[in-house]
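Below: final-v2.csv (CSV, C-alpha atoms)
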chain,number,residue,atom,x,y,z
R,134,MET,CA,25.8,8.2,-22.9
R,135,ARG,CA,25.0,5.0,-21.1
R,136,TYR,CA,21.3,4.4,-20.8
R,137,LYS,CA,19.7,4.5,-17.4
R,138,LYS,CA,16.3,3.2,-16.2
R,139,ILE,CA,14.0,5.9,-14.9
R,140,LEU,CA,13.8,4.3,-11.4
R,141,THR,CA,16.3,2.1,-9.6
R,142,ALA,CA,16.9,1.4,-5.9
R,143,ASN,CA,19.9,3.8,-6.1
R,144,ILE,CA,17.6,6.8,-6.4
R,145,ILE,CA,15.2,5.7,-3.6
R,146,ASP,CA,16.0,6.9,-0.1
R,147,LEU,CA,13.7,5.7,2.7
R,148,GLN,CA,15.6,7.6,5.4
R,149,LEU,CA,15.6,11.1,4.0
R,150,THR,CA,16.1,13.7,6.7
R,151,ALA,CA,15.2,17.3,6.1
R,152,GLU,CA,13.8,20.2,8.1
R,153,THR,CA,12.4,22.1,5.2
R,154,LYS,CA,11.1,21.5,1.7
R,155,ARG,CA,14.1,23.2,0.2
R,156,GLU,CA,16.5,21.0,2.1
R,157,ALA,CA,14.5,17.9,1.1
R,158,LEU,CA,14.6,19.0,-2.6
R,159,GLU,CA,18.3,19.7,-2.4
R,160,LYS,CA,19.0,16.3,-1.0
R,161,MET,CA,17.0,14.6,-3.6
R,162,ALA,CA,18.6,16.6,-6.4
R,163,ASN,CA,21.9,15.3,-4.9
R,164,ILE,CA,20.7,11.8,-5.1
R,165,LEU,CA,20.1,12.2,-8.8
R,166,TYR,CA,23.4,14.1,-9.3
R,167,ARG,CA,25.4,11.4,-7.6
R,168,ASP,CA,23.8,8.8,-9.9
R,169,ASN,CA,25.0,10.9,-12.9
R,170,ARG,CA,21.5,11.8,-13.9
R,171,LEU,CA,21.9,15.6,-13.7
R,172,SER,CA,24.5,17.8,-15.3
R,173,ASP,CA,23.8,20.8,-13.0
R,174,ARG,CA,22.1,20.6,-9.6
R,175,ALA,CA,21.5,24.3,-9.2
R,176,LEU,CA,19.9,24.7,-12.6
R,177,PHE,CA,17.7,21.7,-12.1
R,178,LEU,CA,16.5,23.0,-8.8
R,179,GLU,CA,15.7,26.4,-10.3
R,180,ASP,CA,13.5,24.7,-12.8
R,181,VAL,CA,11.8,22.7,-10.1
R,182,TYR,CA,11.1,25.8,-8.0
R,183,LYS,CA,9.7,27.5,-11.1
R,184,ARG,CA,7.1,24.7,-11.4
R,185,GLU,CA,6.4,24.9,-7.6
R,186,GLU,CA,5.6,28.6,-8.1
R,187,LEU,CA,2.9,27.9,-10.6
R,188,GLU,CA,1.1,25.7,-8.1
R,189,THR,CA,2.2,23.6,-5.2
R,190,THR,CA,2.9,20.0,-5.9
R,191,ASP,CA,1.9,18.9,-2.4
R,192,MET,CA,-1.0,16.6,-3.3
R,193,GLY,CA,-2.7,17.0,0.0
R,194,ILE,CA,-2.3,13.3,0.8
R,195,GLY,CA,1.1,13.5,2.5
R,196,VAL,CA,2.9,13.1,-0.8
R,197,ALA,CA,4.5,15.7,-3.0
R,198,ILE,CA,5.4,15.4,-6.6
R,199,PRO,CA,7.8,18.2,-7.5
R,200,HIS,CA,8.9,18.1,-11.0
R,201,GLY,CA,11.2,19.8,-13.4
R,202,LYS,CA,11.6,19.6,-17.2
R,203,SER,CA,15.1,20.8,-17.5
R,204,SER,CA,18.1,21.0,-19.7
R,205,ALA,CA,20.1,20.0,-16.6
R,206,VAL,CA,18.5,16.5,-16.7
R,207,LEU,CA,20.7,13.9,-18.5
R,208,HIS,CA,18.3,10.9,-17.9
R,209,THR,CA,14.6,11.1,-17.3
R,210,SER,CA,14.2,9.8,-13.7
R,211,VAL,CA,12.0,9.6,-10.7
R,212,ALA,CA,13.7,9.8,-7.3
R,213,ILE,CA,11.7,8.7,-4.3
R,214,GLY,CA,12.4,10.0,-0.8
R,215,ARG,CA,10.6,8.9,2.4
R,216,LEU,CA,10.9,11.1,5.4
R,217,PRO,CA,10.8,9.5,8.8
R,218,GLU,CA,10.1,13.0,10.1
R,219,PRO,CA,7.6,14.6,7.7
R,220,VAL,CA,8.1,18.2,6.5
R,221,GLN,CA,5.6,21.0,6.0
R,222,TRP,CA,5.6,21.7,2.3
R,223,ASN,CA,4.1,25.1,2.3
R,224,LEU,CA,4.4,27.3,5.4
R,225,GLU,CA,1.0,28.8,5.0
R,226,ASP,CA,-1.1,25.7,4.4
R,227,THR,CA,-2.8,23.4,6.8
R,228,GLU,CA,-2.4,20.3,4.7
R,229,GLN,CA,-0.9,17.3,6.4
R,230,PRO,CA,2.9,17.3,6.3
R,231,VAL,CA,4.6,15.5,3.5
R,232,TYR,CA,6.1,12.1,4.3
R,233,ALA,CA,7.1,11.1,0.8
R,234,ILE,CA,8.5,12.9,-2.2
R,235,PHE,CA,8.5,11.8,-5.8
R,236,LEU,CA,10.8,14.0,-7.6
R,237,LEU,CA,10.3,13.8,-11.4
R,238,ALA,CA,13.2,14.9,-13.5
R,239,VAL,CA,12.4,15.1,-17.2
R,240,SER,CA,15.1,15.5,-19.9
R,241,LEU,CA,14.3,17.9,-22.7
R,242,GLU,CA,16.2,15.9,-25.2
R,243,ASN,CA,15.8,12.3,-24.3
R,244,GLN,CA,12.1,12.4,-23.7
R,245,SER,CA,10.6,9.2,-25.0
R,246,ARG,CA,6.9,8.6,-25.0
R,247,VAL,CA,7.5,5.4,-23.0
R,248,HIS,CA,9.2,7.4,-20.3
R,249,LEU,CA,6.4,10.0,-20.1
R,250,GLU,CA,3.9,7.2,-19.9
R,251,LEU,CA,5.8,5.5,-17.1
R,252,LEU,CA,6.0,8.8,-15.2
R,253,SER,CA,2.3,9.3,-15.5
R,254,ASN,CA,1.6,5.8,-14.3
R,255,ILE,CA,3.9,6.4,-11.3
R,256,ALA,CA,1.8,9.5,-10.5
R,257,SER,CA,-1.4,7.5,-10.8
R,258,LEU,CA,0.0,4.9,-8.4
R,259,LEU,CA,-0.4,7.5,-5.6
R,260,ILE,CA,-4.1,7.1,-5.8
R,261,ASN,CA,-3.8,3.3,-5.4
R,262,ASP,CA,-4.3,2.3,-1.7
R,263,SER,CA,-2.3,-0.9,-2.0
R,264,PHE,CA,0.7,1.0,-3.3
R,265,ILE,CA,0.4,3.7,-0.6
R,266,ALA,CA,0.5,0.9,2.0
R,267,ASP,CA,3.7,-0.4,0.4
R,268,LEU,CA,5.1,3.1,0.3
R,269,LYS,CA,4.5,3.6,4.0
R,270,ASN,CA,5.7,0.1,5.1
R,271,ALA,CA,8.5,-0.9,2.7
R,272,GLY,CA,11.5,-2.0,4.7
R,273,SER,CA,14.1,-1.3,2.1
R,274,GLU,CA,14.7,0.6,-1.1
R,275,VAL,CA,14.6,-2.7,-3.1
R,276,ASP,CA,11.2,-3.6,-1.5
R,277,LEU,CA,9.7,-0.3,-2.6
R,278,LEU,CA,11.1,-0.7,-6.1
R,279,GLU,CA,9.6,-4.2,-6.3
R,280,SER,CA,6.2,-2.8,-5.2
R,281,VAL,CA,6.4,-0.3,-8.1
R,282,GLN,CA,7.2,-3.1,-10.5
R,283,LYS,CA,4.4,-5.3,-9.0
R,284,HIS,CA,1.9,-2.5,-9.8
R,285,LEU,CA,3.3,-1.3,-13.1
R,286,GLY,CA,5.4,-4.1,-14.6
R,287,GLU,CA,9.1,-4.0,-15.4
R,288,ILE,CA,10.6,-0.5,-15.1
R,289,ILE,CA,12.6,0.4,-18.1
F,224,MET,CA,-25.5,8.2,-14.6
F,225,LYS,CA,-22.8,8.9,-17.2
F,226,LEU,CA,-20.0,11.3,-16.4
F,227,ILE,CA,-17.1,12.4,-18.6
F,228,ALA,CA,-14.1,14.4,-17.5
F,229,VAL,CA,-11.1,16.2,-18.9
F,230,THR,CA,-7.9,16.7,-16.8
F,231,SER,CA,-4.9,18.9,-17.5
F,232,CYS,CA,-2.2,20.8,-15.7
F,233,PRO,CA,0.7,23.2,-16.6
F,234,ILE,CA,3.5,20.6,-17.2
F,235,GLY,CA,1.2,17.7,-17.7
F,236,MET,CA,3.3,15.3,-15.7
F,237,ALA,CA,1.6,14.6,-12.4
F,238,HIS,CA,-1.7,16.4,-11.6
F,239,THR,CA,-3.3,15.4,-14.9
F,240,TYR,CA,-2.8,11.7,-14.3
F,241,MET,CA,-3.4,11.6,-10.6
F,242,ALA,CA,-6.7,13.5,-11.0
F,243,SER,CA,-7.7,11.0,-13.7
F,244,ALA,CA,-6.9,8.0,-11.5
F,245,ALA,CA,-8.7,9.6,-8.6
F,246,LEU,CA,-11.9,10.3,-10.7
F,247,LYS,CA,-12.0,6.8,-11.9
F,248,LYS,CA,-11.7,5.4,-8.4
F,249,ALA,CA,-14.4,7.8,-7.1
F,250,GLY,CA,-16.7,6.8,-10.0
F,251,GLU,CA,-16.4,3.1,-9.1
F,252,LYS,CA,-17.0,3.9,-5.5
F,253,LEU,CA,-20.1,6.0,-6.1
F,254,GLY,CA,-21.4,3.7,-8.8
F,255,VAL,CA,-21.3,6.1,-11.7
F,256,GLU,CA,-19.9,5.6,-15.1
F,257,MET,CA,-16.8,7.7,-15.5
F,258,ARG,CA,-14.7,8.3,-18.7
F,259,VAL,CA,-11.7,10.5,-18.4
F,260,GLU,CA,-9.6,12.1,-21.1
F,261,THR,CA,-6.2,13.4,-20.1
F,262,GLN,CA,-4.5,16.3,-21.7
F,263,GLY,CA,-0.9,16.1,-20.5
F,264,SER,CA,2.6,15.8,-21.7
F,265,MET,CA,1.6,13.1,-24.2
F,266,GLY,CA,-1.2,15.2,-25.7
F,267,ILE,CA,-4.8,14.0,-25.6
F,268,ARG,CA,-5.1,10.4,-24.3
F,269,ASP,CA,-8.2,8.3,-24.0
F,270,ARG,CA,-9.9,10.8,-26.2
F,271,LEU,CA,-13.6,11.2,-25.6
F,272,SER,CA,-15.6,10.4,-28.7
F,273,SER,CA,-18.4,12.6,-29.9
F,274,LYS,CA,-20.8,9.9,-29.0
F,275,GLU,CA,-19.5,9.7,-25.4
F,276,ILE,CA,-19.7,13.4,-25.1
F,277,LYS,CA,-23.3,13.5,-26.5
F,278,ASN,CA,-24.5,10.7,-24.2
F,279,ALA,CA,-22.9,12.0,-21.0
F,280,ASP,CA,-25.0,13.7,-18.4
F,281,LEU,CA,-22.2,16.0,-17.3
F,282,LEU,CA,-18.7,17.0,-18.0
F,283,ILE,CA,-16.3,17.5,-15.1
F,284,LEU,CA,-13.7,19.9,-16.4
F,285,ALA,CA,-10.5,19.9,-14.4
F,286,ALA,CA,-8.4,21.9,-16.7
F,287,ASP,CA,-5.7,23.9,-14.9
F,288,VAL,CA,-4.6,25.2,-18.3
F,289,THR,CA,-6.8,26.0,-21.3
F,290,PRO,CA,-8.3,22.8,-22.6
F,291,LEU,CA,-7.5,21.5,-26.0
F,292,GLU,CA,-10.3,21.4,-28.6
F,293,PRO,CA,-12.9,22.9,-26.3
F,294,GLU,CA,-15.4,23.2,-29.1
F,295,ARG,CA,-16.2,19.5,-28.7
F,296,PHE,CA,-17.8,20.4,-25.4
F,297,ARG,CA,-19.9,23.4,-26.5
F,298,ASN,CA,-23.3,23.4,-24.9
F,299,LYS,CA,-22.4,20.5,-22.6
F,300,LYS,CA,-23.4,20.8,-19.0
F,301,THR,CA,-20.1,21.4,-17.2
F,302,PHE,CA,-18.9,21.2,-13.6
F,303,LYS,CA,-15.6,23.1,-13.3
F,304,VAL,CA,-13.0,22.1,-10.7
F,305,THR,CA,-9.2,22.0,-10.2
F,306,THR,CA,-7.1,18.9,-10.4
F,307,SER,CA,-5.9,19.6,-6.8
F,308,LYS,CA,-9.4,19.4,-5.4
F,309,ILE,CA,-9.9,16.1,-7.1
F,310,ILE,CA,-6.7,14.6,-5.9
F,311,ARG,CA,-7.5,15.7,-2.3
F,312,ASN,CA,-11.0,14.4,-2.3
F,313,ALA,CA,-12.4,13.0,-5.5
F,314,ASN,CA,-15.5,11.4,-3.9
F,315,LYS,CA,-16.6,14.8,-2.6
F,316,VAL,CA,-16.0,16.4,-6.0
F,317,VAL,CA,-18.0,13.8,-7.9
F,318,GLN,CA,-20.8,14.0,-5.3
F,319,GLU,CA,-20.9,17.8,-5.7
F,320,ALA,CA,-21.0,17.3,-9.5
F,321,LEU,CA,-23.9,15.0,-9.2
F,322,ASP,CA,-25.7,17.3,-6.8
F,323,SER,CA,-25.3,20.2,-9.3
F,324,LEU,CA,-27.3,18.1,-11.7
F,325,SER,CA,-30.1,17.3,-9.4
F,326,GLU,CA,-30.3,21.0,-8.3
F,327,GLU,CA,-31.1,22.0,-11.8
F,328,ASN,CA,-33.9,19.5,-12.3
Represent the structure from my file as structure tokens, please.
Amino acid sequence: MRYKKILTANIIDLQLTAETKREALEKMANILYRDNRLSDRALFLEDVYKREELETTDMGIGVAIPHGKSSAVLHTSVAIGRLPEPVQWNLEDTEQPVYAIFLLAVSLENQSRVHLELLSNIASLLINDSFIADLKNAGSEVDLLESVQKHLGEII
Amino acid sequence: MKLIAVTSCPIGMAHTYMASAALKKAGEKLGVEMRVETQGSMGIRDRLSSKEIKNADLLILAADVTPLEPERFRNKKTFKVTTSKIIRNANKVVQEALDSLSEEN
């Protein structure tokens, strides 16, 4: 199987449109599927929803980090979606709506420590004000990828 | 003031590391020393030494799942909180932790 970097401009979408969390997650799973990173969309989404049930992944800062460790994942990846129209993540909560989604897809088999470390560093980026400014203002998918690399170094 | 913290979450992918980053940032902002150990998908990272544990004024325990090797923290003054609360407002959590210390004295 050809090796894939965990993040490329291909799996970033700055114009994600969705009315609900479910629709947003489905579209993002599609992005990963189209890039040949998932073997089974439905199974992957099921694993993501399972994690969601444990506790919401809405971080309360306008960003959600849904994640699934799943046998349906071929390549450990992080897809990034930015929503011009934010969505309410959980119907009952009063948190600010979610304008960006970082969907982490972790392979059960090809889990390297380096990848896990990179994913954890990407999660930490969301606490970094300068990255958040880039996330909000990036004009293109490549710009956002470059910001991630500026903060974390080369993505492998 | 020296604070130590442990963060963990069910899958150990996101909350653990975001809470750790948020605590460090809050520590800097509030001018307190902050050492954070993460217990996530990579196991224990940035492990707290027994000396660091001994010298700390307080442990912030943000363990959404049962912490690993909890015996290290026996008898340590502990402030319990969730990782979500820290991610939402770490400054407030650290301030509350500090307040809990002064209330006791």
- request: Select all residues from chain R having any atom no more than 10 Å from an atom of chain F (counting all atoms listed in the file, ignoring ligands), output as number ranges by chain.
  value: R: 184, 187-194, 197-202, 228, 235, 237, 239, 245-247, 249-250, 252-261
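From atom CA of Leu281 of chain F back to atom CA of Arg258 of chain F, the distance works out to 10.8 Å.
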- prompt: Could you name the residues that touch Lys283 of chain R at 12 Å or less, counting all atoms listed in the file, but leaving out those on the same chain fewer than 6 positions away, as a PyMOL selection string?
  reply: chain R and resi 255+258+263-264+267+276-277
query: At what distance in Å, to one decimal, does atom CA of Asp262 of chain R lie from atom CA of Leu165 of chain R?
result: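 Atom-to-atom, atom CA of Leu165 of chain R and atom CA of Asp262 of chain R are spaced 27.3 Å apart.
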message: At a cut-off of 7 Å, using only C-alpha atoms, what residues contact Leu207 of chain R? Leave out same-chain residues fewer than 2 positions from it and give the result as a PyMOL selection string.
response: chain R and resi 170-172+205+209+240
query: Using all atoms listed in the file, can you list as a PyMOL selection string the residues within 10 Å of (17.3, 5.8, -5.3)?
result: chain R and resi 140-147+161+164-165+168+210-214+274-275+278
message: Need to verify the contact set: Val229 of chain F, 6 Å, all atoms listed in the file, exclusion of same-chain residues closer than 5 positions in sequence. Can you return it as a ChimeraX atom specification?
response: /F:259-261,284-285
message: Using only C-alpha atoms, can you tell me which of F:Glu319, F:Glu326, F:Ala249, F:Phe296 comes closest to Leu282 of chain F?
response: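 So, comparing all the options, the nearest one is F:Phe296.
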message: As an exercise, work out the distance from atom CA of Ile139 of chain R to atom CA of Arg268 of chain F in Å and give it to one decimal place.
response: 21.8 Å
